[in-house]
file protein-v6.cif (mmCIF, C-alpha atoms)
data_work
loop_
_atom_site.label_atom_id
_atom_site.label_comp_id
_atom_site.auth_asym_id
_atom_site.auth_seq_id
_atom_site.Cartn_x
_atom_site.Cartn_y
_atom_site.Cartn_z
CA MET A 958 162.82 131.07 49.84
CA SER A 959 162.71 129.96 46.24
CA THR A 960 165.79 127.79 46.40
CA LEU A 961 165.00 124.18 45.81
CA SER A 962 167.34 121.28 45.60
CA ALA A 963 167.75 119.63 42.23
CA ASP A 964 166.78 116.22 43.47
CA ARG A 965 163.38 117.23 44.70
CA SER A 966 161.35 114.16 43.90
CA ASP A 967 158.10 115.55 42.63
CA ALA A 968 157.81 116.63 39.04
CA ALA A 969 156.61 120.14 39.71
CA PRO A 970 159.14 122.73 38.62
CA PRO A 971 160.79 124.66 41.42
CA ALA A 972 158.44 127.51 41.90
CA LEU A 973 158.19 130.76 43.68
CA PRO A 974 155.71 130.76 46.51
CA GLY A 975 152.30 129.98 45.12
CA PRO A 976 149.22 132.06 45.62
CA THR A 977 148.61 130.37 48.94
CA LEU A 978 150.74 129.27 51.85
CA THR A 979 150.00 126.66 54.47
CA CYS A 980 149.50 128.29 57.83
CA VAL A 981 149.85 125.88 60.75
CA PHE A 982 148.05 126.70 63.97
CA ALA A 983 148.73 123.79 66.25
CA VAL A 984 149.62 120.14 66.53
CA THR A 985 147.66 117.50 68.40
CA ASP A 986 147.75 113.75 68.78
CA THR A 987 144.00 113.46 69.18
CA PRO A 988 141.79 113.42 66.09
CA VAL A 989 139.96 116.69 65.64
CA PRO A 990 136.21 116.09 65.71
CA ASP A 991 134.50 116.26 62.35
CA GLY A 992 132.76 119.47 61.55
CA VAL A 993 134.75 121.59 63.98
CA CYS A 994 137.10 122.83 61.27
CA ALA A 995 134.34 123.77 58.88
CA ALA A 996 132.57 125.71 61.59
CA THR A 997 135.63 127.74 62.59
CA PRO A 998 136.78 130.75 60.61
CA GLY A 999 140.53 131.14 60.32
CA HIS A 1000 142.51 134.08 59.01
CA ASP A 1001 140.76 136.58 56.79
CA GLY A 1002 140.89 135.77 53.12
CA GLY A 1003 142.04 132.21 53.67
CA GLY A 1004 140.38 128.88 53.01
CA PRO A 1005 138.58 126.74 55.55
CA LEU A 1006 140.53 125.15 58.37
CA ARG A 1007 141.77 121.67 57.53
CA VAL A 1008 143.50 118.82 59.30
CA LEU A 1009 146.72 117.36 57.96
CA ALA A 1010 148.03 114.02 59.12
CA ALA A 1011 151.69 113.78 60.07
CA GLY A 1012 152.13 110.22 61.23
CA PRO A 1013 150.37 109.98 64.57
CA LEU A 1014 150.06 113.73 64.79
CA HIS A 1015 147.42 116.03 63.37
CA LEU A 1016 148.00 119.56 62.22
CA VAL A 1017 145.29 122.17 62.02
CA VAL A 1018 146.12 124.29 59.01
CA GLN A 1019 144.63 126.82 56.65
CA ASP A 1020 145.50 127.97 53.16
CA VAL A 1021 146.22 131.67 53.42
CA PRO A 1022 146.89 134.14 50.64
CA ALA A 1023 150.63 134.53 50.20
CA ALA A 1024 150.31 138.19 49.37
CA ALA A 1025 148.84 138.98 52.76
CA PHE A 1026 151.31 136.85 54.68
CA ARG A 1027 154.63 137.85 53.25
CA GLU A 1028 156.88 139.27 55.87
CA GLU A 1029 156.45 142.90 54.85
CA ALA A 1030 152.70 142.52 54.40
CA LEU A 1031 152.36 140.84 57.74
CA ALA A 1032 154.45 143.43 59.51
CA GLU A 1033 152.41 146.18 57.91
CA ARG A 1034 149.13 144.59 58.93
CA LEU A 1035 150.27 143.96 62.46
CA ASN A 1036 151.12 147.60 62.76
CA ARG A 1037 147.43 148.24 62.95
CA PRO A 1038 146.00 147.37 66.34
CA ASP A 1039 142.71 146.14 64.92
CA GLU A 1040 144.50 143.83 62.49
CA LEU A 1041 146.85 142.64 65.20
CA GLU A 1042 143.85 141.67 67.29
CA ARG A 1043 142.07 140.00 64.36
CA CYS A 1044 145.16 137.94 63.57
CA ALA A 1045 145.67 136.98 67.18
CA ARG A 1046 142.06 135.94 67.57
CA ALA A 1047 142.10 133.97 64.31
CA HIS A 1048 145.24 132.18 65.44
CA HIS A 1049 143.66 131.44 68.79
CA ARG A 1050 140.58 129.97 67.08
CA GLY A 1051 142.80 127.65 65.05
CA VAL A 1052 144.61 126.53 68.19
CA GLN A 1053 141.31 125.97 69.95
CA THR A 1054 140.18 123.82 67.08
CA ALA A 1055 143.21 121.61 67.50
CA ALA A 1056 142.53 121.39 71.23
CA GLY A 1057 138.93 120.34 70.67
CA ALA A 1058 139.35 116.80 71.91
CA GLY A 1059 142.81 116.54 73.39
CA PRO A 1060 146.01 118.39 74.15
CA ALA A 1061 147.41 120.72 71.52
CA VAL A 1062 150.76 122.36 71.06
CA PRO A 1063 150.26 125.86 69.71
CA LEU A 1064 152.70 127.04 67.08
CA PRO A 1065 153.64 130.70 66.96
CA MET A 1066 151.21 132.93 65.17
CA ALA A 1067 151.89 133.04 61.43
CA THR A 1068 153.82 129.81 61.18
CA LEU A 1069 153.88 129.42 57.41
CA TYR A 1070 155.07 126.81 54.98
CA LEU A 1071 155.11 126.84 51.22
CA ASP A 1072 152.88 123.82 51.07
CA ASP A 1073 151.37 120.97 53.05
CA ASP A 1074 154.28 118.62 52.41
CA ASN A 1075 156.73 120.99 53.98
CA ALA A 1076 154.52 121.51 57.00
CA VAL A 1077 154.16 117.77 57.50
CA ARG A 1078 157.89 117.23 57.05
CA ALA A 1079 158.76 119.90 59.59
CA VAL A 1080 156.39 118.46 62.16
CA THR A 1081 157.46 114.89 61.49
CA ALA A 1082 161.07 115.87 62.09
CA ARG A 1083 160.12 117.03 65.56
CA GLU A 1084 157.65 114.28 66.33
CA ALA A 1085 159.35 112.91 69.43
CA SER A 1086 159.68 116.21 71.22
CA LEU A 1087 156.18 117.30 70.21
CA ARG A 1088 154.73 114.10 71.58
CA ALA A 1089 156.60 114.63 74.82
CA VAL A 1090 155.09 118.10 75.13
CA LEU A 1091 151.62 116.79 74.30
CA ASP A 1092 151.96 114.18 77.02
CA ARG A 1093 152.97 116.85 79.48
CA LEU A 1094 149.98 119.02 78.61
CA ARG A 1095 147.40 116.24 78.54
CA ASP A 1096 144.47 116.79 80.93
CA ARG A 1097 146.06 119.97 82.16
CA THR A 1098 144.94 123.54 81.79
CA GLU A 1099 146.57 126.91 82.11
CA TRP A 1100 145.23 129.56 84.45
CA ALA A 1101 146.41 133.13 84.54
CA VAL A 1102 146.53 134.96 87.84
CA LYS A 1103 147.42 138.57 88.34
CA VAL A 1104 147.96 140.70 91.37
CA HIS A 1105 147.49 144.44 91.13
CA GLY A 1106 148.15 147.07 93.71
CA PRO A 1107 148.50 148.76 95.94
CA VAL A 1108 145.75 151.27 95.50
CA ILE A 1109 147.29 154.34 97.04
CA ALA A 1110 145.19 157.35 97.84
CA PRO A 1111 146.31 160.54 96.08
CA ALA A 1112 149.07 162.30 97.92
CA SER A 1113 147.62 164.69 100.43
CA ALA A 1114 150.74 166.15 101.90
CA ALA A 1115 149.91 169.58 100.62
CA THR A 1116 146.38 169.60 101.88
CA GLY A 1117 146.88 167.73 105.13
CA ASP A 1118 146.00 169.24 108.44
CA GLY A 1119 148.64 170.90 110.48
CA PRO A 1120 150.88 173.90 110.30
CA LEU A 1121 151.38 175.37 106.85
CA ASP A 1122 155.06 176.27 107.22
CA GLY A 1123 157.60 174.71 104.86
CA ARG A 1124 159.24 172.50 107.39
CA SER A 1125 155.95 170.86 108.37
CA TYR A 1126 155.06 170.42 104.73
CA LEU A 1127 158.32 168.62 104.02
CA ARG A 1128 157.90 166.45 107.07
CA ARG A 1129 154.40 165.41 105.96
CA ALA A 1130 155.54 164.80 102.39
CA SER A 1131 158.42 162.67 103.57
CA ALA A 1132 156.18 160.65 105.89
CA ARG A 1133 153.77 160.17 103.05
CA ARG A 1134 156.51 158.84 100.79
CA ARG A 1135 157.64 156.47 103.49
CA THR A 1136 154.12 155.13 103.91
CA GLU A 1137 153.71 154.65 100.20
CA ARG A 1138 156.97 152.79 99.97
CA GLU A 1139 155.96 150.52 102.80
CA GLU A 1140 152.59 149.90 101.21
CA ARG A 1141 154.26 148.98 97.94
CA GLU A 1142 156.64 146.61 99.65
CA GLN A 1143 153.83 144.96 101.55
CA ALA A 1144 151.79 144.59 98.39
CA LEU A 1145 154.71 143.01 96.58
CA ALA A 1146 155.23 140.60 99.45
CA ARG A 1147 151.54 139.66 99.27
CA ALA A 1148 151.82 139.08 95.53
CA HIS A 1149 154.75 136.74 96.10
CA ALA A 1150 152.80 134.94 98.80
CA VAL A 1151 149.91 134.44 96.37
CA ASP A 1152 152.32 132.95 93.86
CA ARG A 1153 153.87 130.65 96.44
CA GLU A 1154 150.48 129.41 97.58
CA LEU A 1155 149.18 128.74 94.07
CA ARG A 1156 152.31 126.87 93.02
CA ARG A 1157 151.28 124.22 95.53
CA TYR A 1158 148.34 123.33 93.30
CA ALA A 1159 150.15 123.50 89.98
CA VAL A 1160 152.37 121.07 88.17
CA ALA A 1161 154.21 124.00 86.62
CA ALA A 1162 154.20 127.74 87.01
CA THR A 1163 155.74 130.61 85.20
CA ARG A 1164 155.85 134.33 85.69
CA HIS A 1165 155.29 136.58 82.74
CA ARG A 1166 156.51 140.11 82.73
CA PRO A 1167 154.02 142.32 84.50
CA GLN A 1168 151.88 144.05 81.92
CA SER A 1169 152.18 147.79 81.70
CA GLU A 1170 149.31 149.83 83.08
CA GLN A 1171 148.52 150.79 79.53
CA LEU A 1172 148.25 147.20 78.40
CA SER A 1173 146.38 145.95 81.41
CA GLY A 1174 144.06 148.92 81.31
CA ARG A 1175 144.45 149.32 85.03
CA GLY A 1176 145.48 152.38 86.92
CA VAL A 1177 147.50 150.39 89.40
CA PRO A 1178 150.77 148.57 88.93
CA GLN A 1179 150.74 144.90 88.16
CA LEU A 1180 152.77 143.06 90.76
CA LEU A 1181 152.33 139.51 89.54
CA ASN A 1182 151.51 138.13 86.12
CA ALA A 1183 151.68 134.40 86.58
CA ALA A 1184 150.47 131.36 84.73
CA TYR A 1185 149.87 127.98 86.32
CA LEU A 1186 149.55 124.61 84.68
CA VAL A 1187 147.00 122.70 86.71
CA ASP A 1188 145.84 119.09 86.49
CA ASP A 1189 142.21 119.14 85.50
CA GLY A 1190 141.56 116.93 88.51
CA ARG A 1191 142.75 119.72 90.79
CA ARG A 1192 140.97 122.48 88.96
CA GLU A 1193 138.32 123.01 91.60
CA GLN A 1194 140.90 123.14 94.36
CA PHE A 1195 142.96 125.63 92.42
CA VAL A 1196 140.01 127.88 91.61
CA ARG A 1197 138.87 127.74 95.21
CA ALA A 1198 142.35 128.69 96.39
CA VAL A 1199 142.43 131.66 94.06
CA GLY A 1200 139.02 132.71 95.34
CA GLU A 1201 140.20 132.57 98.92
CA LEU A 1202 143.34 134.51 98.14
CA ALA A 1203 141.26 137.09 96.30
CA ARG A 1204 138.95 137.51 99.26
CA ALA A 1205 141.87 137.82 101.65
CA ALA A 1206 143.50 140.34 99.36
CA ARG A 1207 140.44 142.55 99.40
CA ARG A 1208 141.14 143.30 103.02
CA SER A 1209 144.50 144.67 101.99
CA ALA A 1210 145.31 147.04 99.19
CA VAL A 1211 145.89 144.44 96.46
CA GLU A 1212 143.58 142.75 94.03
CA VAL A 1213 143.86 139.16 92.80
CA THR A 1214 142.23 138.29 89.49
CA MET A 1215 142.18 135.19 87.37
CA SER A 1216 141.54 134.38 83.75
CA GLY A 1217 141.14 131.01 82.17
CA PRO A 1218 140.84 128.23 81.39
CA TRP A 1219 143.53 128.71 78.78
CA ILE A 1220 145.04 126.35 76.31
CA PRO A 1221 148.49 125.99 77.89
CA TYR A 1222 150.30 128.44 75.64
CA SER A 1223 152.70 129.35 78.42
CA PHE A 1224 153.72 125.76 78.96
CA ALA A 1225 154.01 124.57 75.38
CA ARG A 1226 157.76 124.37 75.48
CA THR A 1227 160.22 121.78 74.50
CA ASP A 1228 162.87 120.83 76.95
CA GLU A 1229 165.49 122.95 75.30
CA ASN A 1230 163.70 126.20 76.08
CA GLU A 1231 162.51 125.02 79.45
CA TYR A 1232 165.82 125.85 81.10
CA ALA A 1233 165.94 129.31 79.59
CA ALA A 1234 162.38 129.96 80.66
CA ARG A 1235 163.07 128.90 84.21
CA LYS A 1236 166.04 131.17 84.31
CA GLU A 1237 163.93 134.02 82.99
CA ALA A 1238 161.29 133.48 85.62
CA GLY A 1239 163.93 133.48 88.31
CA ALA A 1240 162.35 130.33 89.69
CA MET B 134 139.25 140.63 84.37
CA THR B 135 137.27 137.89 85.91
CA ASP B 136 135.32 138.71 88.97
CA LEU B 137 136.30 135.94 91.28
CA GLY B 138 133.21 136.44 93.32
CA THR B 139 131.17 134.99 90.50
CA TRP B 140 133.74 132.67 89.05
CA PRO B 141 132.08 129.31 88.49
CA ALA B 142 133.46 126.71 90.80
CA GLY B 143 132.31 123.83 88.60
CA PRO B 144 134.56 122.42 85.95
CA GLU B 145 134.20 123.69 82.44
CA THR B 146 134.15 121.23 79.61
CA LEU B 147 137.17 122.28 77.62
CA PRO B 148 139.83 124.90 77.56
CA ALA B 149 137.82 127.69 76.10
CA GLY B 150 138.53 131.09 74.72
CA PRO B 151 139.60 133.92 76.85
CA PRO B 152 136.98 135.72 78.82
CA SER B 153 136.14 139.01 77.24
CA GLY B 154 138.33 141.88 78.19
CA SER B 155 141.52 139.89 78.36
CA LEU B 156 142.97 140.93 75.03
CA ALA B 157 146.23 141.65 76.81
CA ASP B 158 146.35 138.07 78.05
CA LEU B 159 145.56 136.76 74.61
CA LEU B 160 148.21 138.84 72.87
CA GLU B 161 150.73 137.92 75.50
CA ARG B 162 150.19 134.24 74.77
CA VAL B 163 149.52 134.27 71.08
CA LEU B 164 152.27 136.61 69.99
CA ASP B 165 155.15 135.15 71.81
CA LYS B 166 154.34 131.60 72.76
CA GLY B 167 154.21 128.36 70.93
CA ILE B 168 156.83 125.96 69.77
CA VAL B 169 158.88 127.01 66.84
CA ILE B 170 159.28 124.02 64.61
CA ALA B 171 162.37 124.25 62.51
CA GLY B 172 161.43 127.84 62.03
CA ASP B 173 164.75 129.29 62.88
CA ILE B 174 166.14 131.63 60.32
CA LYS B 175 169.46 129.96 60.98
CA ILE B 176 168.19 126.69 59.55
CA ASP B 177 169.48 126.26 56.11
CA LEU B 178 168.00 123.16 54.58
CA LEU B 179 167.88 123.49 50.87
CA ASP B 180 165.19 120.92 50.45
CA ILE B 181 162.82 122.40 52.94
CA GLU B 182 162.21 125.92 51.84
CA LEU B 183 160.64 127.05 55.04
CA LEU B 184 158.81 130.25 55.03
CA THR B 185 158.23 130.03 58.70
CA ILE B 186 158.65 133.41 60.13
CA ARG B 187 159.65 133.86 63.67
CA LEU B 188 157.21 136.48 64.54
CA ARG B 189 159.29 137.84 67.32
CA LEU B 190 162.07 138.64 64.95
CA PHE B 191 160.07 141.25 63.19
CA ILE B 192 157.47 142.13 65.73
CA ALA B 193 160.14 144.17 67.45
CA SER B 194 159.50 146.56 64.62
CA VAL B 195 155.80 146.64 65.24
CA GLU B 196 155.59 150.07 66.70
CA THR B 197 151.95 149.74 67.51
CA ALA B 198 152.58 146.82 69.73
CA LYS B 199 155.30 148.77 71.44
CA LYS B 200 153.02 151.71 71.95
CA ALA B 201 150.52 149.36 73.50
CA GLY B 202 153.20 148.37 75.97
CA ILE B 203 153.82 144.95 74.48
CA ASP B 204 157.52 144.74 74.87
CA TRP B 205 158.18 141.53 76.69
CA TRP B 206 160.11 140.06 73.84
CA GLU B 207 162.89 142.42 74.70
CA THR B 208 163.75 140.21 77.62
CA ASP B 209 162.78 136.94 76.04
CA PRO B 210 165.58 134.51 76.77
CA ALA B 211 164.99 132.97 73.37
CA LEU B 212 166.20 136.20 71.91
CA SER B 213 169.43 135.44 73.68
CA SER B 214 170.52 139.03 74.06
CA ARG B 215 169.68 138.86 77.71
CA ALA B 216 171.25 135.49 78.07
CA ALA B 217 174.31 136.93 76.45
CA ARG B 218 174.25 139.81 78.90
CA ASP B 219 173.98 137.39 81.80
CA ALA B 220 176.88 135.40 80.47
CA LEU B 221 178.92 138.55 80.09
CA GLY B 222 178.02 139.59 83.61
CA GLU B 223 179.19 136.28 84.97
CA GLU B 224 182.37 136.45 83.00
CA ASN B 225 182.94 139.95 84.26
CA ALA B 226 182.43 138.90 87.87
CA ARG B 227 184.80 135.99 87.43
CA LEU B 228 187.44 138.24 85.97
CA ARG B 229 187.04 140.77 88.75
CA ALA B 230 187.40 138.07 91.38
CA ARG B 231 190.48 136.81 89.62
CA LEU B 232 191.96 140.28 89.44
CA GLU B 233 191.34 140.83 93.12
CA ALA B 234 192.97 137.53 93.95
CA LEU B 235 195.93 138.45 91.81
CA GLY B 236 196.09 141.86 93.40
CA GLU B 237 196.22 140.37 96.87
CA ALA B 238 198.82 137.87 95.89
CA ASP B 239 201.09 140.32 94.12
CA PRO B 240 200.40 143.95 94.95
CA ASP B 241 203.41 145.14 92.99
CA THR B 242 202.17 143.75 89.74
CA THR B 243 198.76 145.18 90.28
CA GLU B 244 200.29 148.51 91.10
CA ALA B 245 202.29 148.41 87.95
CA THR B 246 199.31 147.72 85.77
CA ARG B 247 197.30 150.59 87.15
#

call {"tool": "encode", "arguments": {"input": "protein-v6.cif", "output": "structure tokens"}}
result
Amino acid sequence: MSTLSADRSDAAPPALPGPTLTCVFAVTDTPVPDGVCAATPGHDGGGPLRVLAAGPLHLVVQDVPAAAFREEALAERLNRPDELERCARAHHRGVQTAAGAGPAVPLPMATLYLDDDNAVRAVTAREASLRAVLDRLRDRTEWAVKVHGPVIAPASAATGDGPLDGRSYLRRASARRRTEREEREQALARAHAVDRELRRYAVAATRHRPQSEQLSGRGVPQLLNAAYLVDDGRREQFVRAVGELARAARRSAVEVTMSGPWIPYSFARTDENEYAARKEAGA
Amino acid sequence: MTDLGTWPAGPETLPAGPPSGSLADLLERVLDKGIVIAGDIKIDLLDIELLTIRLRLFIASVETAKKAGIDWWETDPALSSRAARDALGEENARLRARLEALGEADPDTTEATR
């Protein structure tokens, strides 16, 4: 990290990381409105959010204390759930700031450079692909849709009516398992149908891994965890479609929920990872 | 989770923050998404001493996240392990097909190699 080339043009002696690092949240091609940065808190212990110019691009950055953002320090802090959440929310605020007036490409949380010059250089080197992504995200919004289910009543084989002999018990238990399996299969088919329908309204779609029950906080399995990139002009249509699917789902044993609008985190990809992502999604 | 029954049909002004209660959604996006700009550890440019850390490289060690069930990076294609597995699988299938073809063509040889 401290290696510098001898021909580095500025006069400053090659130095170890200073007391602060430049943390970059996101890149946009639309000027960030005045006052937004000052009003938005970034990471704890850091300076105010700032905007750096990189040619036609603008970076939303913050000076953060190096001591708190060194790899070990960061890993240690992120081991604590409350800190993890604080960091994630701070990062999200920075990204939102960049997206205040136009599209923004989020950078991964804790994208750090030794100083502003390095951040600008890194972004400038990728200007063409970043601008392509910004163009793709312009006037588009991400929506997250999940399908949960099926809600299966607790097994009642043991308490069901009927003879109490072992053979009857086993027969009831086996029938119960069969029913449950069928219900699960039907629910999964419904989840896929929801996805198919919503893709009609989206310019891009991706499936995330279903969240665990622990993470989702739900007692039922998550069958679909999808994100859709929707033209803002079709937003109403999309939202209405989700509403209709949710109402239809209520009659069955699955539940359709939506969150958004999101800054298109899930679609901020350059072409080179697009292929891999498509492969991952099995689309 | 948003109750779709009350979801506003009208357009919002701007992409806003997540509705409350969707921390999982936020973490899912914030922790593992975003474009990595010359942040690869592999990059070795002496004049750009990048401190960029690819979070996913060390978050695998974040036990808390794991306990919370955040483990999607394990199948992240960018991590390439899965891609490598897929490639190996394909290679394996190709070799098997080839072996079978060879076996049909020349049972004696196949017998001998068993």

call {"tool": "atom_distance", "arguments": {"input": "protein-v6.cif", "atom1": "atom CA of A:Val1008", "atom2": "atom CA of A:Asp1020"}}
result
11.2 Å

call {"tool": "closest_residue", "arguments": {"input": "protein-v6.cif", "among": "A:Thr977, A:Ala1058, A:Val1196, A:Ala1082", "to": "A:Asp991", "atoms": "only C-alpha atoms"}}
result
A:Ala1058

call {"tool": "atom_distance", "arguments": {"input": "protein-v6.cif", "atom1": "atom CA of A:Ala1047", "atom2": "atom CA of A:Gly999"}}
result
5.1 Å

call {"tool": "resolve_selection", "arguments": {"input": "protein-v6.cif", "expression": "the PyMOL selection byres ((chain B and resi 163) around 9)", "output": "JSON, numbers by chain"}}
result
{"A": [1045, 1046, 1048, 1049, 1063, 1064, 1065, 1066, 1222], "B": [158, 159, 160, 161, 162, 164, 165, 166, 167]}

call {"tool": "write_last_selection", "arguments": {"input": "protein-v6.cif", "atoms": "C-alpha atoms", "output": "PDB file, in the frame of the given file"}}
result
ATOM      1  CA  ALA A1045     145.670 136.980  67.180  1.00  0.00           C
ATOM      2  CA  ARG A1046     142.060 135.940  67.570  1.00  0.00           C
ATOM      3  CA  HIS A1048     145.240 132.180  65.440  1.00  0.00           C
ATOM      4  CA  HIS A1049     143.660 131.440  68.790  1.00  0.00           C
ATOM      5  CA  PRO A1063     150.260 125.860  69.710  1.00  0.00           C
ATOM      6  CA  LEU A1064     152.700 127.040  67.080  1.00  0.00           C
ATOM      7  CA  PRO A1065     153.640 130.700  66.960  1.00  0.00           C
ATOM      8  CA  MET A1066     151.210 132.930  65.170  1.00  0.00           C
ATOM      9  CA  TYR A1222     150.300 128.440  75.640  1.00  0.00           C
TER      10      TYR A1222
ATOM     11  CA  ASP B 158     146.350 138.070  78.050  1.00  0.00           C
ATOM     12  CA  LEU B 159     145.560 136.760  74.610  1.00  0.00           C
ATOM     13  CA  LEU B 160     148.210 138.840  72.870  1.00  0.00           C
ATOM     14  CA  GLU B 161     150.730 137.920  75.500  1.00  0.00           C
ATOM     15  CA  ARG B 162     150.190 134.240  74.770  1.00  0.00           C
ATOM     16  CA  LEU B 164     152.270 136.610  69.990  1.00  0.00           C
ATOM     17  CA  ASP B 165     155.150 135.150  71.810  1.00  0.00           C
ATOM     18  CA  LYS B 166     154.340 131.600  72.760  1.00  0.00           C
ATOM     19  CA  GLY B 167     154.210 128.360  70.930  1.00  0.00           C
TER      20      GLY B 167
END

call {"tool": "residues_near_point", "arguments": {"input": "protein-v6.cif", "point": "(153.1, 110.7, 69.2)", "cutoff": "10 Å", "atoms": "all atoms listed in the file", "output": "ChimeraX atom specification"}}
result
/A:985-987,1011-1015,1081,1084-1092

call {"tool": "resolve_selection", "arguments": {"input": "protein-v6.cif", "expression": "the PyMOL selection byres ((chain A and resi 1023-1035) around 6)", "output": "VMD selection string"}}
result
chain A and resid 976 to 978 1022 1036 to 1037 1040 to 1041

call {"tool": "closest_residue", "arguments": {"input": "protein-v6.cif", "among": "A:Arg1007, A:Arg1207, A:Arg1197, A:Arg1128", "to": "chain B", "atoms": "all atoms listed in the file"}}
result
A:Arg1197

call {"tool": "closest_residue", "arguments": {"input": "protein-v6.cif", "among": "A:Gln1168, A:Gln1053, A:Ser1173, A:Thr1214", "to": "A:Pro998", "atoms": "only C-alpha atoms"}}
result
A:Gln1053

call {"tool": "atom_distance", "arguments": {"input": "protein-v6.cif", "atom1": "atom CA of A:Lys1103", "atom2": "atom CA of A:Gly1051"}}
result
26.1 Å

call {"tool": "closest_residue", "arguments": {"input": "protein-v6.cif", "among": "A:Ala1101, A:Leu1094, A:Leu1202, A:Ala1210", "to": "A:Asp1188", "atoms": "all atoms listed in the file"}}
result
A:Leu1094

call {"tool": "closest_residue", "arguments": {"input": "protein-v6.cif", "among": "A:Arg1097, A:His1149, A:Arg1175, A:Arg1226", "to": "A:Asp1189", "atoms": "all atoms listed in the file"}}
result
A:Arg1097

call {"tool": "resolve_selection", "arguments": {"input": "protein-v6.cif", "expression": "the PyMOL selection byres ((chain A and resi 1179) around 7)", "output": "NGL selection string"}}
result
:A and (1104-1106 or 1167-1168 or 1177-1178 or 1180-1181)

call {"tool": "write_last_selection", "arguments": {"input": "protein-v6.cif", "atoms": "C-alpha atoms", "output": "short mmCIF file (atom, residue, chain, number, x, y, z; two decimals), in the frame of the given file"}}
result
data_model
loop_
_atom_site.label_atom_id
_atom_site.label_comp_id
_atom_site.auth_asym_id
_atom_site.auth_seq_id
_atom_site.Cartn_x
_atom_site.Cartn_y
_atom_site.Cartn_z
CA VAL A 1104 147.96 140.70 91.37
CA HIS A 1105 147.49 144.44 91.13
CA GLY A 1106 148.15 147.07 93.71
CA PRO A 1167 154.02 142.32 84.50
CA GLN A 1168 151.88 144.05 81.92
CA VAL A 1177 147.50 150.39 89.40
CA PRO A 1178 150.77 148.57 88.93
CA LEU A 1180 152.77 143.06 90.76
CA LEU A 1181 152.33 139.51 89.54
#

call {"tool": "residues_around", "arguments": {"input": "protein-v6.cif", "residues": "A:Val1151", "least_positions_apart": "2", "cutoff": "10 Å", "atoms": "only C-alpha atoms", "output": "list in words"}}
result
Val1102, Lys1103, Val1104, Leu1145, Ala1146, Arg1147, Ala1148, His1149, Arg1153, Glu1154, Leu1155, Arg1156, Leu1181, Ala1183, Ala1198, Val1199, Leu1202, Ala1203, Ala1206 and Val1213 of chain A

call {"tool": "closest_residue", "arguments": {"input": "protein-v6.cif", "among": "A:Pro1120, A:Pro1107, A:Pro1038, A:Gly1057", "to": "A:Val993", "atoms": "only C-alpha atoms"}}
result
A:Gly1057
